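Shown below: coords-v3.pdb, with PDB, C-alpha atoms and all ligand atoms.
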```pdb
ATOM      1  CA  MET F 231     -39.684 -61.318-183.205
ATOM      2  CA  VAL F 232     -37.977 -64.422-184.573
ATOM      3  CA  GLU F 233     -34.644 -62.743-185.131
ATOM      4  CA  GLN F 234     -33.830 -62.447-181.478
ATOM      5  CA  GLU F 235     -31.549 -65.086-180.027
ATOM      6  CA  VAL F 236     -33.059 -66.765-177.021
ATOM      7  CA  ASP F 237     -30.995 -68.701-174.543
ATOM      8  CA  TYR F 238     -33.209 -71.779-174.487
ATOM      9  CA  SER F 239     -31.034 -73.636-171.996
ATOM     10  CA  ALA F 240     -31.756 -70.902-169.475
ATOM     11  CA  VAL F 241     -35.487 -71.275-170.184
ATOM     12  CA  ILE F 242     -35.217 -75.047-169.624
ATOM     13  CA  GLU F 243     -33.367 -74.420-166.382
ATOM     14  CA  ILE F 244     -36.255 -72.323-165.081
ATOM     15  CA  LEU F 245     -38.758 -74.964-166.183
ATOM     16  CA  GLU F 246     -36.793 -77.703-164.388
ATOM     17  CA  ASP F 247     -36.554 -75.491-161.357
ATOM     18  CA  ILE F 248     -40.348 -75.331-161.258
ATOM     19  CA  LEU F 249     -41.457 -78.701-162.604
ATOM     20  CA  GLY F 250     -38.601 -81.029-161.660
ATOM     21  CA  ASP F 251     -36.771 -83.348-164.036
ATOM     22  CA  TYR F 252     -38.061 -83.502-167.552
ATOM     23  CA  LYS F 253     -39.352 -86.755-169.047
ATOM     24  CA  MET F 254     -38.640 -86.227-172.721
ATOM     25  CA  HIS F 255     -36.745 -83.599-174.617
ATOM     26  CA  ASN F 256     -36.335 -82.959-178.329
ATOM     27  CA  ASP F 257     -34.090 -79.934-178.480
ATOM     28  CA  TYR F 258     -34.347 -79.570-182.237
ATOM     29  CA  LYS F 259     -38.126 -79.206-182.073
ATOM     30  CA  GLY F 260     -37.930 -77.368-178.772
ATOM     31  CA  GLN F 261     -40.293 -79.883-177.228
ATOM     32  CA  ILE F 262     -39.952 -80.940-173.608
ATOM     33  CA  SER F 263     -42.301 -82.777-171.238
ATOM     34  CA  PHE F 264     -42.756 -82.867-167.489
ATOM     35  CA  ASP F 265     -45.160 -84.355-164.991
ATOM     36  CA  CYS F 266     -48.170 -82.078-164.816
ATOM     37  CA  PRO F 267     -48.414 -80.416-161.384
ATOM     38  CA  VAL F 268     -52.212 -80.180-161.663
ATOM     39  CA  CYS F 269     -52.636 -83.862-162.574
ATOM     40  CA  SER F 270     -50.165 -84.927-159.874
ATOM     41  CA  GLN F 271     -50.972 -82.658-156.946
ATOM     42  CA  GLU F 272     -54.433 -81.216-157.458
ATOM     43  CA  ILE F 273     -56.099 -84.207-159.083
ATOM     44  CA  LYS F 274     -54.230 -87.199-157.667
ATOM     45  CA  GLY F 275     -53.119 -85.592-154.384
ATOM     46  CA  LEU F 276     -49.519 -86.715-154.785
ATOM     47  CA  ASP F 277     -46.656 -84.756-153.260
ATOM     48  CA  HIS F 278     -44.465 -85.760-156.184
ATOM     49  CA  GLY F 279     -44.938 -86.121-159.928
ATOM     50  CA  ASP F 280     -47.200 -88.875-161.287
ATOM     51  CA  GLY F 281     -44.512 -90.061-163.686
ATOM     52  CA  LYS F 282     -46.714 -89.600-166.741
ATOM     53  CA  GLY F 283     -45.004 -86.616-168.319
ATOM     54  CA  ASN F 284     -48.291 -85.286-169.690
ATOM     55  CA  LEU F 285     -47.354 -81.641-169.588
ATOM     56  CA  GLU F 286     -45.817 -80.820-172.894
ATOM     57  CA  ILE F 287     -44.003 -77.575-173.576
ATOM     58  CA  ASN F 288     -42.653 -76.206-176.809
ATOM     59  CA  TYR F 289     -40.229 -73.477-175.852
ATOM     60  CA  LYS F 290     -39.638 -72.468-179.471
ATOM     61  CA  TYR F 291     -43.342 -71.838-180.061
ATOM     62  CA  ASN F 292     -43.731 -70.627-176.489
ATOM     63  CA  VAL F 293     -46.697 -72.844-175.631
ATOM     64  CA  PHE F 294     -47.590 -75.506-173.089
ATOM     65  CA  LYS F 295     -50.404 -77.971-172.722
ATOM     66  CA  CYS F 296     -51.315 -80.902-170.493
ATOM     67  CA  TRP F 297     -52.715 -83.719-172.577
ATOM     68  CA  VAL F 298     -55.006 -84.821-169.745
ATOM     69  CA  CYS F 299     -56.261 -81.791-167.861
ATOM     70  CA  SER F 300     -55.893 -78.840-170.255
ATOM     71  CA  GLU F 301     -59.638 -78.620-170.916
ATOM     72  CA  SER F 302     -60.826 -79.111-167.352
ATOM     73  CA  HIS F 303     -58.092 -77.116-165.561
ATOM     74  CA  GLU F 304     -56.967 -74.523-168.110
ATOM     75  CA  THR F 305     -53.482 -76.025-168.214
ATOM     76  CA  HIS F 306     -52.521 -74.601-171.564
ATOM     77  CA  GLY F 307     -51.208 -71.326-172.927
ATOM     78  CA  SER F 308     -47.945 -69.443-173.063
ATOM     79  CA  ILE F 309     -44.817 -70.245-171.057
ATOM     80  CA  TYR F 310     -45.235 -66.910-169.334
ATOM     81  CA  LYS F 311     -48.607 -68.098-168.065
ATOM     82  CA  LEU F 312     -47.109 -71.438-166.974
ATOM     83  CA  ILE F 313     -44.353 -69.784-164.954
ATOM     84  CA  LYS F 314     -46.757 -67.269-163.459
ATOM     85  CA  LYS F 315     -49.076 -70.060-162.360
ATOM     86  CA  PHE F 316     -46.608 -72.622-161.035
ATOM     87  CA  GLY F 317     -43.402 -70.696-160.426
ATOM     88  CA  ASN F 318     -42.434 -68.074-157.876
ATOM     89  CA  PRO F 319     -41.847 -64.356-158.529
ATOM     90  CA  ARG F 320     -38.084 -64.869-158.710
ATOM     91  CA  GLN F 321     -38.484 -67.443-161.493
ATOM     92  CA  LEU F 322     -40.889 -65.189-163.347
ATOM     93  CA  LYS F 323     -38.454 -62.287-163.071
ATOM     94  CA  LYS F 324     -35.673 -64.478-164.460
ATOM     95  CA  TYR F 325     -37.870 -65.458-167.389
ATOM     96  CA  GLU F 326     -38.849 -61.875-168.108
ATOM     97  CA  LEU F 327     -35.176 -60.962-168.373
ATOM     98  CA  LEU F 328     -34.646 -63.748-170.908
ATOM     99  CA  LYS F 329     -37.716 -62.905-172.938
ATOM    100  CA  PRO F 330     -38.525 -59.228-172.425
ATOM    101  CA  ASP F 331     -41.119 -59.372-175.212
ATOM    102  CA  GLU F 332     -43.311 -61.726-173.225
ATOM    103  CA  THR F 333     -45.778 -59.726-171.252
ATOM    104  CA  GLU F 334     -48.892 -60.455-169.329
ATOM    105  CA  GLU F 335     -50.982 -58.954-172.093
ATOM    106  CA  ARG F 336     -49.345 -61.049-174.772
ATOM    107  CA  ALA F 337     -49.668 -64.159-172.655
ATOM    108  CA  ASN F 338     -53.398 -63.631-172.364
ATOM    109  CA  ARG F 339     -53.955 -62.737-175.973
ATOM    110  CA  VAL F 340     -56.143 -65.245-177.699
ATOM    111  CA  TYR F 341     -56.223 -65.217-181.450
ATOM    112  CA  LYS F 342     -59.580 -65.573-183.062
ATOM    113  CA  LYS F 343     -59.953 -68.164-185.771
ATOM    114  CA  VAL F 344     -59.397 -66.496-189.123
ATOM    115  CA  LYS F 345     -62.423 -66.388-191.407
ATOM    116  CA  LEU F 346     -62.770 -64.891-194.848
ATOM    117  CA  PRO F 347     -64.726 -61.635-194.816
ATOM    118  CA  LYS F 348     -68.409 -62.278-195.421
ATOM    119  CA  GLU F 349     -68.245 -59.916-198.409
ATOM    120  CA  PHE F 350     -65.561 -62.068-200.055
ATOM    121  CA  ILE F 351     -66.209 -62.939-203.700
ATOM    122  CA  SER F 352     -63.970 -65.498-205.329
ATOM    123  CA  PHE F 353     -63.136 -64.489-208.910
ATOM    124  CA  LYS F 354     -63.619 -68.047-210.050
ATOM    125  CA  ASP F 355     -67.163 -68.173-208.652
ATOM    126  CA  ALA F 356     -68.308 -64.743-209.822
ATOM    127  CA  SER F 357     -71.578 -64.905-211.738
ATOM    128  CA  ALA F 358     -71.987 -63.546-215.252
ATOM    129  CA  GLY F 359     -74.197 -60.814-213.822
ATOM    130  CA  LEU F 360     -71.592 -59.725-211.309
ATOM    131  CA  LYS F 361     -68.926 -59.627-213.981
ATOM    132  CA  MET F 362     -70.910 -56.841-215.675
ATOM    133  CA  THR F 363     -70.725 -54.565-212.640
ATOM    134  CA  PRO F 364     -68.241 -51.697-212.329
ATOM    135  CA  GLN F 365     -67.163 -53.070-208.924
ATOM    136  CA  TYR F 366     -66.079 -56.355-210.460
ATOM    137  CA  LYS F 367     -64.400 -54.650-213.402
ATOM    138  CA  GLN F 368     -62.395 -52.388-211.123
ATOM    139  CA  ALA F 369     -61.058 -55.323-209.106
ATOM    140  CA  TYR F 370     -60.453 -57.456-212.178
ATOM    141  CA  ASN F 371     -58.559 -54.648-213.912
ATOM    142  CA  TYR F 372     -56.171 -54.536-210.999
ATOM    143  CA  ILE F 373     -55.635 -58.288-211.316
ATOM    144  CA  LYS F 374     -54.857 -57.945-215.018
ATOM    145  CA  ASN F 375     -52.503 -55.012-214.429
ATOM    146  CA  ARG F 376     -50.559 -57.098-211.927
ATOM    147  CA  ASN F 377     -50.220 -59.880-214.524
ATOM    148  CA  ILE F 378     -52.251 -62.291-212.435
ATOM    149  CA  THR F 379     -53.706 -64.957-214.720
ATOM    150  CA  ASP F 380     -57.067 -66.710-214.524
ATOM    151  CA  MET F 381     -55.205 -69.882-213.654
ATOM    152  CA  MET F 382     -53.691 -68.192-210.597
ATOM    153  CA  LEU F 383     -57.112 -66.882-209.572
ATOM    154  CA  GLN F 384     -58.361 -70.448-209.689
ATOM    155  CA  MET F 385     -55.374 -72.097-208.036
ATOM    156  CA  TYR F 386     -55.203 -69.668-205.106
ATOM    157  CA  ASN F 387     -58.921 -68.942-204.802
ATOM    158  CA  ILE F 388     -58.170 -65.249-205.105
ATOM    159  CA  GLY F 389     -61.116 -62.928-204.589
ATOM    160  CA  PHE F 390     -62.097 -59.428-203.626
ATOM    161  CA  CYS F 391     -64.441 -57.398-201.461
ATOM    162  CA  TYR F 392     -66.184 -54.321-202.768
ATOM    163  CA  SER F 393     -67.830 -53.531-199.439
ATOM    164  CA  GLY F 394     -67.399 -54.117-195.735
ATOM    165  CA  GLU F 395     -64.284 -54.054-193.585
ATOM    166  CA  TYR F 396     -62.094 -55.096-196.506
ATOM    167  CA  GLU F 397     -63.778 -52.834-199.042
ATOM    168  CA  ASN F 398     -61.869 -52.418-202.321
ATOM    169  CA  ARG F 399     -59.328 -55.086-201.531
ATOM    170  CA  ILE F 400     -58.010 -58.129-203.336
ATOM    171  CA  ILE F 401     -57.921 -61.109-201.011
ATOM    172  CA  ILE F 402     -55.462 -63.980-201.233
ATOM    173  CA  PRO F 403     -56.493 -66.692-198.791
ATOM    174  CA  SER F 404     -54.013 -69.068-197.205
ATOM    175  CA  TYR F 405     -54.870 -72.687-196.491
ATOM    176  CA  ASP F 406     -52.872 -74.961-194.228
ATOM    177  CA  GLU F 407     -51.631 -78.425-195.125
ATOM    178  CA  ASN F 408     -55.114 -79.837-194.496
ATOM    179  CA  LYS F 409     -56.688 -77.136-196.653
ATOM    180  CA  TYR F 410     -58.207 -75.244-193.727
ATOM    181  CA  LEU F 411     -58.123 -71.472-193.993
ATOM    182  CA  ASN F 412     -55.489 -70.061-191.652
ATOM    183  CA  TYR F 413     -54.860 -66.533-192.934
ATOM    184  CA  PHE F 414     -55.435 -64.093-195.755
ATOM    185  CA  VAL F 415     -53.830 -60.951-197.083
ATOM    186  CA  ALA F 416     -56.005 -58.082-198.271
ATOM    187  CA  ARG F 417     -54.438 -55.541-200.606
ATOM    188  CA  SER F 418     -56.143 -52.379-201.735
ATOM    189  CA  TYR F 419     -56.780 -52.073-205.453
ATOM    190  CA  LEU F 420     -57.347 -48.350-205.300
ATOM    191  CA  THR F 421     -54.507 -46.166-206.512
ATOM    192  CA  LYS F 422     -54.888 -43.829-203.572
ATOM    193  CA  THR F 423     -55.135 -45.637-200.280
ATOM    194  CA  LYS F 424     -54.000 -44.972-196.734
ATOM    195  CA  LEU F 425     -53.388 -48.603-195.989
ATOM    196  CA  LYS F 426     -51.995 -50.810-198.746
ATOM    197  CA  TYR F 427     -52.454 -53.996-196.746
ATOM    198  CA  LYS F 428     -54.991 -54.776-194.077
ATOM    199  CA  ASN F 429     -54.505 -58.300-192.847
ATOM    200  CA  PRO F 430     -56.329 -60.135-190.081
ATOM    201  CA  GLU F 431     -54.723 -60.551-186.724
ATOM    202  CA  ALA F 432     -53.236 -63.997-186.431
ATOM    203  CA  GLN F 433     -50.258 -65.792-185.012
ATOM    204  CA  LYS F 434     -48.206 -65.122-188.125
ATOM    205  CA  GLU F 435     -45.126 -66.918-186.853
ATOM    206  CA  THR F 436     -46.919 -70.250-186.935
ATOM    207  CA  ILE F 437     -48.462 -69.849-190.392
ATOM    208  CA  ILE F 438     -46.923 -71.181-193.554
ATOM    209  CA  PHE F 439     -48.820 -69.420-196.302
ATOM    210  CA  ASN F 440     -50.702 -71.897-198.496
ATOM    211  CA  GLU F 441     -48.775 -74.818-197.101
ATOM    212  CA  HIS F 442     -51.128 -77.231-198.860
ATOM    213  CA  LEU F 443     -49.490 -76.270-202.170
ATOM    214  CA  ILE F 444     -45.890 -76.652-200.995
ATOM    215  CA  LYS F 445     -43.880 -79.663-202.038
ATOM    216  CA  TRP F 446     -41.142 -79.554-199.448
ATOM    217  CA  ASP F 447     -38.760 -81.905-201.218
ATOM    218  CA  GLU F 448     -38.867 -80.005-204.520
ATOM    219  CA  PRO F 449     -36.988 -76.745-205.212
ATOM    220  CA  ILE F 450     -38.507 -74.028-203.046
ATOM    221  CA  TYR F 451     -38.501 -70.273-203.493
ATOM    222  CA  ILE F 452     -38.533 -67.989-200.474
ATOM    223  CA  VAL F 453     -40.169 -64.643-201.185
ATOM    224  CA  GLU F 454     -41.460 -61.726-199.157
ATOM    225  CA  GLY F 455     -45.134 -61.325-199.837
ATOM    226  CA  ALA F 456     -48.166 -63.365-200.802
ATOM    227  CA  PHE F 457     -48.421 -61.408-204.065
ATOM    228  CA  ASP F 458     -44.895 -62.557-204.956
ATOM    229  CA  SER F 459     -45.530 -66.177-204.117
ATOM    230  CA  ILE F 460     -48.268 -66.720-206.685
ATOM    231  CA  PHE F 461     -45.875 -66.009-209.575
ATOM    232  CA  LEU F 462     -43.403 -68.757-208.829
ATOM    233  CA  PRO F 463     -43.927 -72.479-208.519
ATOM    234  CA  ASN F 464     -43.481 -73.801-204.989
ATOM    235  CA  ALA F 465     -42.862 -70.405-203.410
ATOM    236  CA  VAL F 466     -43.343 -69.638-199.713
ATOM    237  CA  PRO F 467     -43.846 -66.032-198.685
ATOM    238  CA  MET F 468     -42.372 -65.050-195.331
ATOM    239  CA  LEU F 469     -45.043 -62.344-194.985
ATOM    240  CA  GLY F 470     -42.210 -59.948-194.282
ATOM    241  CA  LYS F 471     -38.443 -59.802-194.514
ATOM    242  CA  PHE F 472     -37.741 -62.268-191.721
ATOM    243  CA  MET F 473     -38.194 -66.000-191.580
ATOM    244  CA  SER F 474     -40.168 -67.556-188.762
ATOM    245  CA  ASP F 475     -38.635 -70.378-186.762
ATOM    246  CA  ASN F 476     -41.514 -72.541-187.885
ATOM    247  CA  LEU F 477     -40.725 -72.069-191.565
ATOM    248  CA  PHE F 478     -37.022 -72.516-190.919
ATOM    249  CA  ASN F 479     -37.671 -75.815-189.138
ATOM    250  CA  LYS F 480     -39.795 -77.112-192.018
ATOM    251  CA  LEU F 481     -37.100 -76.210-194.514
ATOM    252  CA  TYR F 482     -34.376 -77.652-192.356
ATOM    253  CA  ASP F 483     -36.149 -80.981-192.109
ATOM    254  CA  ASN F 484     -37.179 -81.308-195.735
ATOM    255  CA  ALA F 485     -35.697 -78.928-198.276
ATOM    256  CA  LYS F 486     -33.325 -80.069-201.020
ATOM    257  CA  LYS F 487     -32.891 -76.709-202.738
ATOM    258  CA  ILE F 488     -33.931 -73.263-201.528
ATOM    259  CA  THR F 489     -33.725 -70.051-203.539
ATOM    260  CA  ILE F 490     -34.184 -66.716-201.792
ATOM    261  CA  ILE F 491     -35.697 -63.923-203.895
ATOM    262  CA  LEU F 492     -36.565 -60.803-201.956
ATOM    263  CA  ASP F 493     -37.399 -57.356-203.283
ATOM    264  CA  PRO F 494     -34.456 -55.375-204.726
ATOM    265  CA  ASP F 495     -34.520 -52.993-201.745
ATOM    266  CA  ALA F 496     -34.016 -55.905-199.374
ATOM    267  CA  TRP F 497     -30.735 -57.298-200.696
ATOM    268  CA  ASN F 498     -29.064 -56.990-197.289
ATOM    269  CA  ASP F 499     -31.903 -58.865-195.637
ATOM    270  CA  ALA F 500     -31.677 -61.521-198.340
ATOM    271  CA  GLU F 501     -27.941 -61.964-197.764
ATOM    272  CA  ARG F 502     -28.431 -62.160-194.030
ATOM    273  CA  LEU F 503     -31.135 -64.758-194.489
ATOM    274  CA  TYR F 504     -28.896 -66.717-196.864
ATOM    275  CA  HIS F 505     -26.162 -66.982-194.259
ATOM    276  CA  LYS F 506     -28.609 -67.751-191.503
ATOM    277  CA  ILE F 507     -30.181 -70.752-193.229
ATOM    278  CA  ASN F 508     -27.150 -72.018-195.166
ATOM    279  CA  CYS F 509     -26.006 -74.123-192.245
ATOM    280  CA  GLY F 510     -26.063 -77.652-190.906
ATOM    281  CA  LYS F 511     -28.109 -79.954-193.084
ATOM    282  CA  LEU F 512     -28.957 -77.077-195.424
ATOM    283  CA  MET F 513     -25.330 -76.171-196.120
ATOM    284  CA  GLY F 514     -24.836 -75.888-199.888
ATOM    285  CA  LYS F 515     -28.549 -76.208-200.626
ATOM    286  CA  VAL F 516     -29.301 -72.483-200.462
ATOM    287  CA  TRP F 517     -29.232 -70.129-203.455
ATOM    288  CA  ILE F 518     -29.986 -66.472-203.819
ATOM    289  CA  ALA F 519     -31.267 -64.340-206.677
ATOM    290  CA  LYS F 520     -31.016 -60.607-207.186
ATOM    291  CA  LEU F 521     -33.783 -58.736-208.940
ATOM    292  CA  GLU F 522     -32.523 -55.813-210.954
ATOM    293  CA  GLY F 523     -33.601 -52.209-210.442
ATOM    294  CA  ASP F 524     -37.146 -51.966-209.203
ATOM    295  CA  LYS F 525     -38.320 -55.176-210.811
ATOM    296  CA  ASP F 526     -40.457 -57.447-208.761
ATOM    297  CA  ILE F 527     -41.216 -61.114-209.116
ATOM    298  CA  ALA F 528     -44.345 -60.460-211.157
ATOM    299  CA  ASP F 529     -42.172 -58.811-213.844
ATOM    300  CA  LEU F 530     -40.449 -62.139-214.441
ATOM    301  CA  GLN F 531     -43.761 -63.607-215.642
ATOM    302  CA  GLY F 532     -42.554 -66.967-214.396
ATOM    303  CA  ASN F 533     -39.436 -66.861-216.548
ATOM    304  CA  LEU F 534     -36.628 -67.684-214.145
ATOM    305  CA  ASP F 535     -34.023 -67.423-216.916
ATOM    306  CA  LEU F 536     -34.269 -63.663-216.462
ATOM    307  CA  ILE F 537     -32.481 -63.766-213.134
ATOM    308  CA  THR F 538     -29.103 -65.015-212.007
ATOM    309  CA  ILE F 539     -29.236 -67.493-209.215
ATOM    310  CA  LYS F 540     -26.027 -67.937-207.290
ATOM    311  CA  GLN F 541     -24.443 -69.103-204.072
ATOM    312  CA  LEU F 542     -22.501 -66.773-201.799
ATOM    313  CA  ASP F 543     -19.096 -67.299-200.195
TER     314      ASP F 543
HETATM  315 ZN    ZN F 601     -52.518 -82.149-166.162
END
```

Using structure tokens, write down the structure that the file contains.
Amino acid sequence: MVEQEVDYSAVIEILEDILGDYKMHNDYKGQISFDCPVCSQEIKGLDHGDGKGNLEINYKYNVFKCWVCSESHETHGSIYKLIKKFGNPRQLKKYELLKPDETEERANRVYKKVKLPKEFISFKDASAGLKMTPQYKQAYNYIKNRNITDMMLQMYNIGFCYSGEYENRIIIPSYDENKYLNYFVARSYLTKTKLKYKNPEAQKETIIFNEHLIKWDEPIYIVEGAFDSIFLPNAVPMLGKFMSDNLFNKLYDNAKKITIILDPDAWNDAERLYHKINCGKLMGKVWIAKLEGDKDIADLQGNLDLITIKQLD
């Protein structure tokens, strides 16, 4: 996914080949704009660009959109779709070689808006009556066993489902910077389960979990999972062992101090990540911590004195 190196200059070359000279380009953000062929040719009947540069492309996020005609003429979507629509087969072939992961199916995939399951019960809103039920007690016991405090339940709006698609799962919702729900993780609280996590389908690479709680200019902790992130102040989970370009860009623009704490079994991934982000403006601002044995972040109970935080050569 994000780990692969993409030759963006070759992507830009194809785009210029199809759309002509670009109008604006921010190579750090991966944002580039061109005259929209639909606006220029189809709508205005010009045989050249209209000079407006309304077609904006972000080649890092792999999306394009015309600010004028996207609604009326479907001029939005993936770069694959853009090249297929406006380019020739040779250009499409060239693009496919650069980005073999981009397929027709992926290009057409539309992500549904994430909603909390209708069976979701927030612990903080549970009624006295519900708290008497065995279903509630089972879920709440799990919370206590994981050292999750009532304050965390409140702060993260943690809840559970005892029926439905997410039956017997603890839910941690994620809200974006404007406090709109953008994702959730659902972890089973049964001891025997086939599927520990069952998360909704979403464009994970664009999500920063609970971004509304992140203070980008204060010390930030990078952790693996949502269940790790609630135990540390200002922690961002990567929702895996790899960092998305989106998260990297946010850190690069804003972070003053970053500490990476991954699970003990992922020390190599942590080191790799350290070297990947300890560069440019972030040079010297990145730290790394090793958890001993099979300890996880919850075992620290918020006490960061229990771990050694260091910088690597
Ligand atoms: Zn247009």

Once the PyMOL selection byres (((chain F and resi 495) around 12) and not hetatm) has been applied to the shown file, what residues remain in the selection, as JSON, numbers by chain? {"F": [454, 471, 491, 492, 493, 494, 496, 497, 498, 499, 500, 501, 520, 521, 522, 523, 524, 525, 526]}

For the structure provided, state which residues fall under the PyMOL selection byres (((not hetatm)) within 8 of (chain F and resi 601)), and present them as a ChimeraX atom specification. /F:265-270,284-285,296-300,303,305

Phe316 (chain F) surroundings by all atoms listed in the file, 10 Å radius, close-in-sequence under 3 positions cut, as an MDAnalysis selection string: chainID F and resid 245 248:249 267:268 311:313 319 321:322

Selection near region 402-411 of chain F, 12 Å with only C-alpha atoms, sequence-local residues under 3 positions removed, as a PyMOL selection string: chain F and resi 343-347+350-353+373+378+382-391+399+414-418+427-430+432+434+436-446+455-460+466-467+469

Excluding Lys348 (chain F) and residues on its chain fewer than 6 positions from it, collect all residues at most 12 Å away from it, counting all atoms listed in the file, and give them as a list in words.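 Contacts, in chain order: Gly389, Phe390, Cys391, Tyr392, Ser393, Gly394, Glu395, Tyr396, Glu397 and Ile401 of chain F.
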
Surrounding residues of Phe264 (chain F) excluding itself and chain neighbours under 5 positions, 8 Å, only C-alpha atoms, as a list in words: Leu249, Gly250, Asp251, Tyr252, Lys253, Met254, Lys282, Gly283, Asn284, Leu285 and Glu286 of chain F

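Within the file as shown, the PyMOL selection byres (((chain F and resi 326) around 12) and not hetatm) identifies F:Val236, F:Ala240, F:Val241, F:Ile244, F:Ile309, F:Tyr310, F:Lys311, F:Ile313, F:Lys314, F:Pro319, F:Arg320, F:Gln321, F:Leu322, F:Lys323, F:Lys324, F:Tyr325, F:Leu327, F:Leu328, F:Lys329, F:Pro330, F:Asp331, F:Glu332, F:Thr333, F:Glu334, F:Ala337.
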
I want to know what sits within 9 Å of Leu503 (chain F), based on all atoms listed in the file, with residues of the same chain fewer than 6 positions away left out; could you give that as a list in words?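 Answer for this query is Lys471, Phe472, Met473 and Ile490 of chain F.
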
Suppose you want the space between CA of Leu276 (chain F) and CA of Glu301 (chain F); what is it in Å?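 Value for the CA of Leu276 (chain F)-CA of Glu301 (chain F) distance: 20.7 Å.
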
Coordinates-based distance that separates CA of Lys486 (chain F) from CA of Gly510 (chain F) (Å, one decimal):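 Answer for the CA of Gly510 (chain F) to CA of Lys486 (chain F) separation: 12.7 Å.
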
Kindly give the distance, in Å, that separates CA of Tyr289 (chain F) and CA of Asn464 (chain F), rounded to a single decimal. 29.3 Å

Hey, which of F:Leu477, F:Asp355, F:Asp483, F:Tyr504 ends up closest to Asp380 (chain F)? Count only C-alpha atoms.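 Nearest candidate to Asp380 (chain F) out of F:Leu477, F:Asp355, F:Asp483, F:Tyr504: F:Asp355.
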
Under the rule that all atoms listed in the file are counted, which of F:Gly275, F:Gly317, F:Gly281, F:Gly532 is the nearest residue to Pro463 (chain F)?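 Checking each candidate against Pro463 (chain F), we get F:Gly532 as the closest.
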
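Shortest atom-to-atom contact with Thr489 (chain F) among F:Ala519, F:Leu512, F:Met468, F:Leu462: F:Ala519, counting all atoms listed in the file.
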
For region 423-440 of chain F, what centre and edge lengths in Å (one decimal) does the axis-aligned box get once 8 Å is added on each side of all its listed atoms, as AutoDock Vina command-line options?
```
--center_x -50.7 --center_y -58.4 --center_z -192.6 --size_x 27.2 --size_y 42.9 --size_z 31.3
```

Among listed residues F:Gly279, F:Asn398, F:Asp447, F:Asn377, nearest Thr423 (chain F) (using all atoms listed in the file): F:Asn398

Counting all atoms listed in the file, select every polymer residue within 6 Å of (-42.8, -77.5, -174.4) as defined in the file's coordinates, and provide the selection as a PyMOL selection string. chain F and resi 261-262+286-289+294
